[in-house]
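run-v8.pdb follows (PDB, C-alpha atoms):
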ATOM      1  CA  MET A1308    -107.592-128.217  16.875
ATOM      2  CA  MET A1309    -108.609-130.102  20.077
ATOM      3  CA  ASP A1310    -112.238-130.690  20.901
ATOM      4  CA  SER A1311    -113.440-130.228  24.494
ATOM      5  CA  ARG A1312    -113.120-133.956  25.313
ATOM      6  CA  GLN A1313    -109.479-134.077  24.151
ATOM      7  CA  LEU A1314    -108.703-130.919  26.125
ATOM      8  CA  ASP A1315    -110.258-132.413  29.254
ATOM      9  CA  LEU A1316    -108.156-135.575  28.861
ATOM     10  CA  LEU A1317    -104.970-133.537  28.393
ATOM     11  CA  LEU A1318    -105.657-131.431  31.479
ATOM     12  CA  ALA A1319    -106.453-134.531  33.517
ATOM     13  CA  GLY A1320    -103.165-136.109  32.457
ATOM     14  CA  LEU A1321    -101.197-133.027  33.413
ATOM     15  CA  ALA A1322    -102.928-132.867  36.780
ATOM     16  CA  GLY A1323    -102.133-136.527  37.414
ATOM     17  CA  ALA A1324     -98.488-135.989  36.589
ATOM     18  CA  LEU A1325     -98.281-133.064  38.975
ATOM     19  CA  VAL A1326     -99.936-135.046  41.761
ATOM     20  CA  THR A1327     -97.541-137.955  41.195
ATOM     21  CA  TYR A1328     -94.535-135.632  41.253
ATOM     22  CA  GLY A1329     -95.705-133.855  44.389
ATOM     23  CA  GLY A1330     -96.562-137.120  46.090
ATOM     24  CA  THR A1331     -93.156-138.560  45.325
ATOM     25  CA  ARG A1332     -91.442-135.532  46.849
ATOM     26  CA  LEU A1333     -93.664-135.762  49.915
ATOM     27  CA  LEU A1334     -92.943-139.465  50.355
ATOM     28  CA  ARG A1335     -89.236-138.791  50.089
ATOM     29  CA  ARG A1336     -89.471-136.184  52.846
ATOM     30  CA  VAL A1337     -91.509-138.508  55.069
ATOM     31  CA  ALA A1338     -89.006-141.305  54.452
ATOM     32  CA  GLY A1339     -86.268-138.972  55.627
ATOM     33  CA  GLU A1340     -84.171-138.773  52.476
ATOM     34  CA  GLY A1341     -81.067-136.736  53.160
ATOM     35  CA  VAL A1342     -80.464-133.327  51.668
ATOM     36  CA  PRO A1343     -77.676-133.607  49.094
ATOM     37  CA  THR A1344     -74.489-131.642  49.523
ATOM     38  CA  PRO A1345     -74.827-128.493  47.392
ATOM     39  CA  PRO A1346     -72.907-128.576  44.102
ATOM     40  CA  ALA A1347     -70.011-126.228  43.537
ATOM     41  CA  ARG A1348     -71.141-123.158  41.645
ATOM     42  CA  ASP A1349     -69.464-120.023  40.428
ATOM     43  CA  ALA A1350     -69.543-117.210  42.989
ATOM     44  CA  LYS A1351     -71.246-114.871  40.499
ATOM     45  CA  ASP A1352     -74.515-116.843  40.660
ATOM     46  CA  MET A1353     -75.003-115.940  44.317
ATOM     47  CA  ASN A1354     -77.552-113.171  43.781
ATOM     48  CA  GLY A1355     -79.901-115.544  41.969
ATOM     49  CA  SER A1356     -79.459-118.211  44.641
ATOM     50  CA  ILE A1357     -80.324-115.835  47.479
ATOM     51  CA  ALA A1358     -83.207-114.374  45.482
ATOM     52  CA  ALA A1359     -84.894-117.759  45.602
ATOM     53  CA  LEU A1360     -85.332-117.282  49.373
ATOM     54  CA  ARG A1361     -86.255-113.624  49.328
ATOM     55  CA  SER A1362     -89.689-112.348  50.316
ATOM     56  CA  THR A1363     -91.163-108.964  51.195
ATOM     57  CA  THR A1364     -90.859-107.456  54.654
ATOM     58  CA  PRO A1365     -93.745-108.145  57.066
ATOM     59  CA  HIS A1366     -95.010-104.553  56.674
ATOM     60  CA  PRO A1367     -93.734-103.284  53.290
ATOM     61  CA  HIS A1368     -95.929-100.154  53.358
ATOM     62  CA  TRP A1369     -94.951 -99.008  56.864
ATOM     63  CA  THR A1370     -93.608 -95.479  57.240
ATOM     64  CA  PRO A1371     -92.234 -93.855  60.411
ATOM     65  CA  PRO A1372     -93.528 -92.928  62.931
ATOM     66  CA  ASN A1373     -96.712 -94.941  62.388
ATOM     67  CA  PRO A1374     -97.328 -97.525  65.156
ATOM     68  CA  LEU A1375     -96.937-101.278  64.646
ATOM     69  CA  PRO A1376     -99.035-102.731  67.474
ATOM     70  CA  ALA A1377     -98.140-106.024  69.141
ATOM     71  CA  PRO A1378    -100.578-108.923  68.551
ATOM     72  CA  PHE A1379    -101.026-109.615  72.284
ATOM     73  CA  SER A1380    -102.285-107.933  75.443
ATOM     74  CA  ASP A1381    -100.294-106.133  78.162
ATOM     75  CA  LYS A1382    -100.380-109.175  80.446
ATOM     76  CA  TYR A1383     -96.913-110.659  81.100
ATOM     77  CA  HIS A1384     -95.377-113.565  83.029
ATOM     78  CA  ASP A1385     -92.626-112.031  85.152
ATOM     79  CA  VAL A1386     -89.736-114.409  85.890
ATOM     80  CA  ASP A1387     -87.099-113.528  88.476
ATOM     81  CA  PRO A1388     -83.975-115.666  87.832
ATOM     82  CA  ALA A1389     -82.863-115.163  91.449
ATOM     83  CA  THR A1390     -85.864-117.132  92.734
ATOM     84  CA  THR A1391     -86.508-119.467  89.779
ATOM     85  CA  PRO A1392     -84.941-122.951  89.716
ATOM     86  CA  SER A1393     -82.462-123.735  86.963
ATOM     87  CA  ALA A1394     -84.680-126.545  85.662
ATOM     88  CA  VAL A1395     -87.442-123.977  85.085
ATOM     89  CA  LEU A1396     -85.173-121.335  83.569
ATOM     90  CA  TYR A1397     -83.576-123.653  81.009
ATOM     91  CA  PRO A1398     -86.636-124.371  78.789
ATOM     92  CA  LEU A1399     -87.711-120.741  79.051
ATOM     93  CA  VAL A1400     -84.346-119.324  77.991
ATOM     94  CA  ILE A1401     -83.763-121.695  75.079
ATOM     95  CA  SER A1402     -87.279-121.140  73.717
ATOM     96  CA  ALA A1403     -87.128-117.349  74.118
ATOM     97  CA  ILE A1404     -83.660-116.620  72.741
ATOM     98  CA  VAL A1405     -84.078-117.986  69.222
ATOM     99  CA  PRO A1406     -82.903-118.812  66.680
ATOM    100  CA  ARG A1407     -79.421-119.673  67.897
ATOM    101  CA  PRO A1408     -76.546-120.812  65.666
ATOM    102  CA  ILE A1409     -74.889-124.074  66.638
ATOM    103  CA  ALA A1410     -71.178-124.566  67.236
ATOM    104  CA  PHE A1411     -70.306-128.143  66.309
ATOM    105  CA  ILE A1412     -67.048-128.367  68.260
ATOM    106  CA  SER A1413     -64.244-130.825  67.664
ATOM    107  CA  THR A1414     -61.384-131.080  70.185
ATOM    108  CA  LEU A1415     -58.408-133.240  71.200
ATOM    109  CA  ASN A1416     -56.817-133.688  74.607
ATOM    110  CA  ALA A1417     -53.213-132.587  75.218
ATOM    111  CA  ALA A1418     -51.838-136.052  74.440
ATOM    112  CA  GLY A1419     -53.762-136.163  71.155
ATOM    113  CA  SER A1420     -55.302-139.486  72.164
ATOM    114  CA  VAL A1421     -58.838-138.476  73.208
ATOM    115  CA  GLY A1422     -61.087-136.529  70.867
ATOM    116  CA  ASN A1423     -64.583-135.164  71.245
ATOM    117  CA  LEU A1424     -67.242-133.888  68.876
ATOM    118  CA  ALA A1425     -70.391-132.212  70.199
ATOM    119  CA  PRO A1426     -72.853-129.389  69.341
ATOM    120  CA  TYR A1427     -73.360-126.303  71.528
ATOM    121  CA  SER A1428     -76.030-123.670  70.923
ATOM    122  CA  TYR A1429     -74.960-121.120  73.522
ATOM    123  CA  PHE A1430     -72.793-119.715  70.759
ATOM    124  CA  ASN A1431     -72.273-116.744  68.494
ATOM    125  CA  ALA A1432     -69.705-114.458  66.880
ATOM    126  CA  VAL A1433     -68.825-111.393  68.965
ATOM    127  CA  ALA A1434     -66.220-109.706  66.739
ATOM    128  CA  HIS A1435     -64.782-109.830  63.226
ATOM    129  CA  ASP A1436     -61.426-108.058  63.657
ATOM    130  CA  PRO A1437     -60.095-110.491  64.619
ATOM    131  CA  PRO A1438     -62.957-112.996  64.235
ATOM    132  CA  THR A1439     -63.869-113.998  67.788
ATOM    133  CA  LEU A1440     -66.444-116.528  68.938
ATOM    134  CA  ALA A1441     -68.163-116.993  72.294
ATOM    135  CA  ILE A1442     -69.331-120.431  73.465
ATOM    136  CA  GLY A1443     -71.092-121.229  76.726
ATOM    137  CA  PHE A1444     -70.399-124.668  78.216
ATOM    138  CA  CYS A1445     -73.015-125.498  80.841
ATOM    139  CA  ALA A1446     -71.875-127.586  83.797
ATOM    140  CA  SER A1447     -72.125-131.335  83.272
ATOM    141  CA  SER A1448     -74.570-133.225  85.468
ATOM    142  CA  ILE A1449     -72.931-136.592  84.766
ATOM    143  CA  ARG A1450     -69.245-135.772  85.395
ATOM    144  CA  ASP A1451     -67.818-135.443  88.910
ATOM    145  CA  HIS A1452     -65.656-132.525  87.775
ATOM    146  CA  ARG A1453     -68.766-130.832  86.276
ATOM    147  CA  ARG A1454     -67.081-130.100  82.954
ATOM    148  CA  LYS A1455     -68.332-131.180  79.524
ATOM    149  CA  ASP A1456     -65.869-133.383  77.648
ATOM    150  CA  SER A1457     -65.280-130.673  75.027
ATOM    151  CA  LEU A1458     -64.406-128.178  77.744
ATOM    152  CA  VAL A1459     -61.972-130.629  79.395
ATOM    153  CA  ASN A1460     -60.009-130.839  76.135
ATOM    154  CA  ILE A1461     -60.208-127.092  75.501
ATOM    155  CA  VAL A1462     -58.837-126.279  78.955
ATOM    156  CA  GLU A1463     -55.947-128.693  78.377
ATOM    157  CA  THR A1464     -54.970-127.451  74.927
ATOM    158  CA  GLY A1465     -56.485-124.006  74.380
ATOM    159  CA  GLU A1466     -57.605-125.164  70.937
ATOM    160  CA  LEU A1467     -60.839-126.159  69.176
ATOM    161  CA  VAL A1468     -62.512-126.243  65.788
ATOM    162  CA  VAL A1469     -66.004-124.788  65.340
ATOM    163  CA  ASN A1470     -67.854-126.456  62.472
ATOM    164  CA  ILE A1471     -71.223-125.132  61.296
ATOM    165  CA  ILE A1472     -74.107-127.579  60.838
ATOM    166  CA  SER A1473     -76.078-127.720  57.578
ATOM    167  CA  GLU A1474     -79.179-129.710  56.647
ATOM    168  CA  TRP A1475     -77.390-132.520  54.851
ATOM    169  CA  PHE A1476     -75.793-133.912  58.030
ATOM    170  CA  VAL A1477     -77.977-132.608  60.885
ATOM    171  CA  GLU A1478     -79.097-136.062  62.063
ATOM    172  CA  ALA A1479     -75.499-137.250  62.406
ATOM    173  CA  ALA A1480     -74.532-134.047  64.233
ATOM    174  CA  ASN A1481     -77.489-134.406  66.596
ATOM    175  CA  HIS A1482     -76.363-137.968  67.413
ATOM    176  CA  CYS A1483     -73.211-136.453  68.939
ATOM    177  CA  CYS A1484     -75.391-134.909  71.692
ATOM    178  CA  GLY A1485     -75.418-138.283  73.446
ATOM    179  CA  ASN A1486     -73.934-138.689  76.921
ATOM    180  CA  PHE A1487     -71.139-140.921  75.700
ATOM    181  CA  ASP A1488     -68.217-141.855  77.928
ATOM    182  CA  TYR A1489     -65.163-139.635  77.750
ATOM    183  CA  GLY A1490     -62.865-141.091  75.142
ATOM    184  CA  GLN A1491     -65.559-142.513  72.870
ATOM    185  CA  ASN A1492     -65.067-141.302  69.312
ATOM    186  CA  GLU A1493     -68.141-139.378  68.137
ATOM    187  CA  PHE A1494     -66.770-139.306  64.596
ATOM    188  CA  GLU A1495     -67.054-143.099  64.491
ATOM    189  CA  LEU A1496     -70.348-143.185  66.388
ATOM    190  CA  SER A1497     -71.982-140.698  64.006
ATOM    191  CA  GLY A1498     -70.338-141.688  60.733
ATOM    192  CA  LEU A1499     -68.953-138.191  60.199
ATOM    193  CA  THR A1500     -65.550-137.675  58.602
ATOM    194  CA  PRO A1501     -62.520-136.113  60.340
ATOM    195  CA  MET A1502     -60.085-134.113  58.233
ATOM    196  CA  PRO A1503     -56.782-132.524  59.298
ATOM    197  CA  SER A1504     -56.657-128.930  60.481
ATOM    198  CA  VAL A1505     -53.798-126.586  59.620
ATOM    199  CA  LYS A1506     -53.134-124.402  62.678
ATOM    200  CA  VAL A1507     -54.635-126.511  65.489
ATOM    201  CA  LYS A1508     -54.429-130.211  66.310
ATOM    202  CA  ALA A1509     -58.164-130.962  66.547
ATOM    203  CA  PRO A1510     -59.697-132.259  63.304
ATOM    204  CA  ARG A1511     -62.325-130.517  61.210
ATOM    205  CA  VAL A1512     -65.637-132.105  60.149
ATOM    206  CA  ARG A1513     -65.514-132.862  56.421
ATOM    207  CA  GLU A1514     -69.290-132.588  56.027
ATOM    208  CA  SER A1515     -69.333-129.018  57.358
ATOM    209  CA  ALA A1516     -69.224-126.267  54.730
ATOM    210  CA  VAL A1517     -67.696-123.701  57.107
ATOM    211  CA  GLN A1518     -64.996-124.677  59.605
ATOM    212  CA  MET A1519     -63.137-122.339  61.952
ATOM    213  CA  GLU A1520     -59.865-123.304  63.612
ATOM    214  CA  CYS A1521     -59.703-121.466  66.935
ATOM    215  CA  LYS A1522     -57.471-120.722  69.898
ATOM    216  CA  VAL A1523     -58.749-119.641  73.302
ATOM    217  CA  VAL A1524     -58.089-116.036  74.299
ATOM    218  CA  HIS A1525     -60.197-115.814  77.460
ATOM    219  CA  SER A1526     -62.515-117.832  79.707
ATOM    220  CA  TYR A1527     -65.059-116.687  82.262
ATOM    221  CA  GLU A1528     -66.932-118.695  84.894
ATOM    222  CA  VAL A1529     -70.609-117.932  85.441
ATOM    223  CA  ARG A1530     -71.707-118.711  89.000
ATOM    224  CA  ASN A1531     -75.256-119.264  90.210
ATOM    225  CA  ALA A1532     -76.874-117.965  93.421
ATOM    226  CA  ALA A1533     -75.285-120.815  95.394
ATOM    227  CA  GLY A1534     -71.815-119.827  94.178
ATOM    228  CA  ALA A1535     -71.360-122.921  91.992
ATOM    229  CA  VAL A1536     -69.989-122.653  88.470
ATOM    230  CA  SER A1537     -72.997-123.189  86.203
ATOM    231  CA  THR A1538     -71.394-122.243  82.888
ATOM    232  CA  THR A1539     -67.932-121.574  81.498
ATOM    233  CA  VAL A1540     -67.809-119.028  78.692
ATOM    234  CA  ILE A1541     -64.938-119.418  76.237
ATOM    235  CA  LEU A1542     -63.836-116.607  73.938
ATOM    236  CA  ALA A1543     -61.990-118.133  71.006
ATOM    237  CA  GLN A1544     -60.142-116.357  68.225
ATOM    238  CA  VAL A1545     -60.473-117.778  64.724
ATOM    239  CA  VAL A1546     -56.950-118.364  63.408
ATOM    240  CA  LEU A1547     -57.988-119.994  60.145
ATOM    241  CA  MET A1548     -61.384-120.172  58.442
ATOM    242  CA  HIS A1549     -62.382-122.658  55.731
ATOM    243  CA  VAL A1550     -65.314-122.014  53.345
ATOM    244  CA  ALA A1551     -66.257-124.839  50.976
ATOM    245  CA  ASP A1552     -66.343-123.805  47.340
ATOM    246  CA  GLY A1553     -69.829-125.312  47.095
ATOM    247  CA  VAL A1554     -71.262-122.570  49.333
ATOM    248  CA  ALA A1555     -68.965-119.695  48.373
ATOM    249  CA  GLY A1556     -70.451-116.525  46.957
ATOM    250  CA  ALA A1557     -69.572-112.879  46.472
ATOM    251  CA  SER A1558     -70.893-109.611  47.870
ATOM    252  CA  PRO A1559     -71.817-106.830  45.409
ATOM    253  CA  SER A1560     -68.240-105.523  45.649
ATOM    254  CA  GLY A1561     -66.747-108.979  45.110
ATOM    255  CA  LYS A1562     -65.863-109.947  48.678
ATOM    256  CA  LEU A1563     -66.062-113.617  49.695
ATOM    257  CA  VAL A1564     -69.288-114.436  51.539
ATOM    258  CA  VAL A1565     -71.259-117.597  52.267
ATOM    259  CA  ASP A1566     -74.296-118.192  50.042
ATOM    260  CA  LEU A1567     -77.186-118.756  52.431
ATOM    261  CA  ALA A1568     -79.327-120.758  50.021
ATOM    262  CA  LYS A1569     -76.547-123.275  49.328
ATOM    263  CA  TYR A1570     -75.326-123.220  52.941
ATOM    264  CA  ALA A1571     -78.677-124.447  54.366
ATOM    265  CA  PRO A1572     -77.627-123.749  57.982
ATOM    266  CA  ILE A1573     -79.540-125.215  60.907
ATOM    267  CA  SER A1574     -80.556-123.168  63.941
ATOM    268  CA  ARG A1575     -81.483-124.278  67.447
ATOM    269  CA  LEU A1576     -84.894-123.450  68.865
ATOM    270  CA  GLY A1577     -86.611-124.604  72.074
ATOM    271  CA  GLY A1578     -86.896-128.207  73.258
ATOM    272  CA  ASN A1579     -85.821-130.668  70.555
ATOM    273  CA  THR A1580     -86.797-128.256  67.784
ATOM    274  CA  TYR A1581     -84.463-127.029  65.052
ATOM    275  CA  GLY A1582     -85.039-124.470  62.314
ATOM    276  CA  ARG A1583     -84.273-124.114  58.615
ATOM    277  CA  VAL A1584     -83.739-120.891  56.677
ATOM    278  CA  LYS A1585     -86.472-120.976  54.061
ATOM    279  CA  GLU A1586     -87.319-117.302  53.604
ATOM    280  CA  THR A1587     -85.502-113.997  53.971
ATOM    281  CA  PHE A1588     -86.198-110.318  53.424
ATOM    282  CA  ASP A1589     -84.003-107.232  53.070
ATOM    283  CA  LEU A1590     -84.615-104.313  55.427
ATOM    284  CA  PRO A1591     -82.089-101.528  54.761
ATOM    285  CA  ARG A1592     -80.814 -99.400  57.632
ATOM    286  CA  PRO A1593     -82.339 -95.901  57.818
ATOM    287  CA  ASP A1594     -78.939 -94.250  57.297
ATOM    288  CA  ARG A1595     -78.529 -95.758  53.833
ATOM    289  CA  THR A1596     -78.935 -93.571  50.763
ATOM    290  CA  PRO A1597     -81.747 -94.381  48.277
ATOM    291  CA  ALA A1598     -79.205 -95.814  45.846
ATOM    292  CA  GLN A1599     -78.102 -98.355  48.468
ATOM    293  CA  LYS A1600     -81.550 -99.624  49.446
ATOM    294  CA  HIS A1601     -81.293-102.845  47.486
ATOM    295  CA  ILE A1602     -77.651-103.697  48.193
ATOM    296  CA  GLN A1603     -77.211-107.056  49.887
ATOM    297  CA  TYR A1604     -75.042-107.534  52.982
ATOM    298  CA  THR A1605     -75.619-103.940  54.079
ATOM    299  CA  SER A1606     -74.305-104.776  57.560
ATOM    300  CA  GLN A1607     -70.856-105.412  56.120
ATOM    301  CA  PRO A1608     -68.435-102.591  55.298
ATOM    302  CA  GLU A1609     -68.017-102.219  51.565
TER     303      GLU A1609
END

Can you present the structure in this file as structure tokens?
Amino acid sequence: MMDSRQLDLLLAGLAGALVTYGGTRLLRRVAGEGVPTPPARDAKDMNGSIAALRSTTPHPHWTPPNPLPAPFSDKYHDVDPATTPSAVLYPLVISAIVPRPIAFISTLNAAGSVGNLAPYSYFNAVAHDPPTLAIGFCASSIRDHRRKDSLVNIVETGELVVNIISEWFVEAANHCCGNFDYGQNEFELSGLTPMPSVKVKAPRVRESAVQMECKVVHSYEVRNAAGAVSTTVILAQVVLMHVADGVAGASPSGKLVVDLAKYAPISRLGGNTYGRVKETFDLPRPDRTPAQKHIQYTSQPE
């Protein structure tokens, strides 16, 4: 049996080991070590993977119709877009409408000779039958024709690939934001890997765990108060979707879904700030029966 001195030495050794381990992990983060690509796992382990991120709701004991007061006063800053300059609206809008998913878009021109790869955060899914995406391309301030290079190629071909950005390649994807000359190859500039698509000519990004080959179904020009086109909105139909086995999971009824914990998607916030998904909680809809309260993916038809 240990005496008190031996016990103290053992505890001190364990504490030192923990400090060393924690310090090593911290140093690795500070040094900017990349996040490894998630290993392929069987779809049936998805529930445990998601559970690692799950927390309680912010107010687990709330019952209707009890109030949930806001943590601020009734004083507001009123902003009228009709009288507010674009340069003032931009930082407000991108910091208020958050988090936003990012469409990492790869395109080719009609001749197949000029490609482009760039991220856009005015983006989301607007339908699932058929899967349809909306992307907003703001007017370019450095091109005489006012169109972003991606949009030039999309208008020519009606095709694009939307790749989703995950943690393990976010720095390389962000590098593609640069104002490079039209015709420069962002795949080469960033070190990312092109791979052939099946139904469109533009390549996919190998490092992306979810890739969507798309064809344009509609475009709409947004005009500012001066009548100039400030944004072009593209509605694109997904004609083929690719989900890497390493992030594939299954819903409770066995449908293919993307495992959030392995996916590690990146979201766009305000300024130069990005977000990770590190915590989630389930909040069932009020029209669910008691037996369904703990079912995941309750927004999807089962």

Resolved residues for the PyMOL selection byres ((chain A and resi 1550) around 7) as a PDB file with C-alpha atoms, in the frame of the given file:
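Wrote it out as selection03.pdb, contents follow:
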ATOM      1  CA  ALA A1516     -69.224-126.267  54.730  1.00  0.00           C
ATOM      2  CA  VAL A1517     -67.696-123.701  57.107  1.00  0.00           C
ATOM      3  CA  GLN A1518     -64.996-124.677  59.605  1.00  0.00           C
ATOM      4  CA  MET A1548     -61.384-120.172  58.442  1.00  0.00           C
ATOM      5  CA  HIS A1549     -62.382-122.658  55.731  1.00  0.00           C
ATOM      6  CA  ALA A1551     -66.257-124.839  50.976  1.00  0.00           C
ATOM      7  CA  ASP A1552     -66.343-123.805  47.340  1.00  0.00           C
ATOM      8  CA  ALA A1555     -68.965-119.695  48.373  1.00  0.00           C
TER       9      ALA A1555
END

Legend entry - Proximity to Val1405 in chain A - best of A:Gly1578, A:Ser1447, A:Lys1562, A:Leu1547, only C-alpha atoms: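 Result for the nearest residue to Val1405 in chain A: A:Gly1578.
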
What are the centre and edge lengths in Å, to one decimal, of the axis-aligned box around all listed atoms of range 1535-1550 of chain A with 8 Å added on each side, as AutoDock Vina command-line options?
--center_x -65.0 --center_y -119.8 --center_z 72.7 --size_x 32.0 --size_y 22.8 --size_z 54.6

Inset, instruction - Pull out every residue that the PyMOL selection byres ((chain A and resi 1480-1486) around 10) matches in the shown coordinates and put them as a PyMOL selection string. - result: chain A and resi 1411+1423-1427+1447+1449+1455-1456+1471-1479+1487-1489+1492-1494+1496-1499+1512+1514-1515+1579

Legend entry - Point (-88.0, -121.0, 58.2) neighbourhood (12 Å, all atoms listed in the file) written as a ChimeraX atom specification: /A:1360-1362,1406,1568,1571-1576,1581-1588

Inset, instruction - Please identify all polymer residues within 8 Å of range 1528-1539 of chain A, counting all atoms listed in the file, omitting same-chain residues fewer than 3 positions from it, and present them as a ChimeraX atom specification. - result: /A:1389,1443-1446
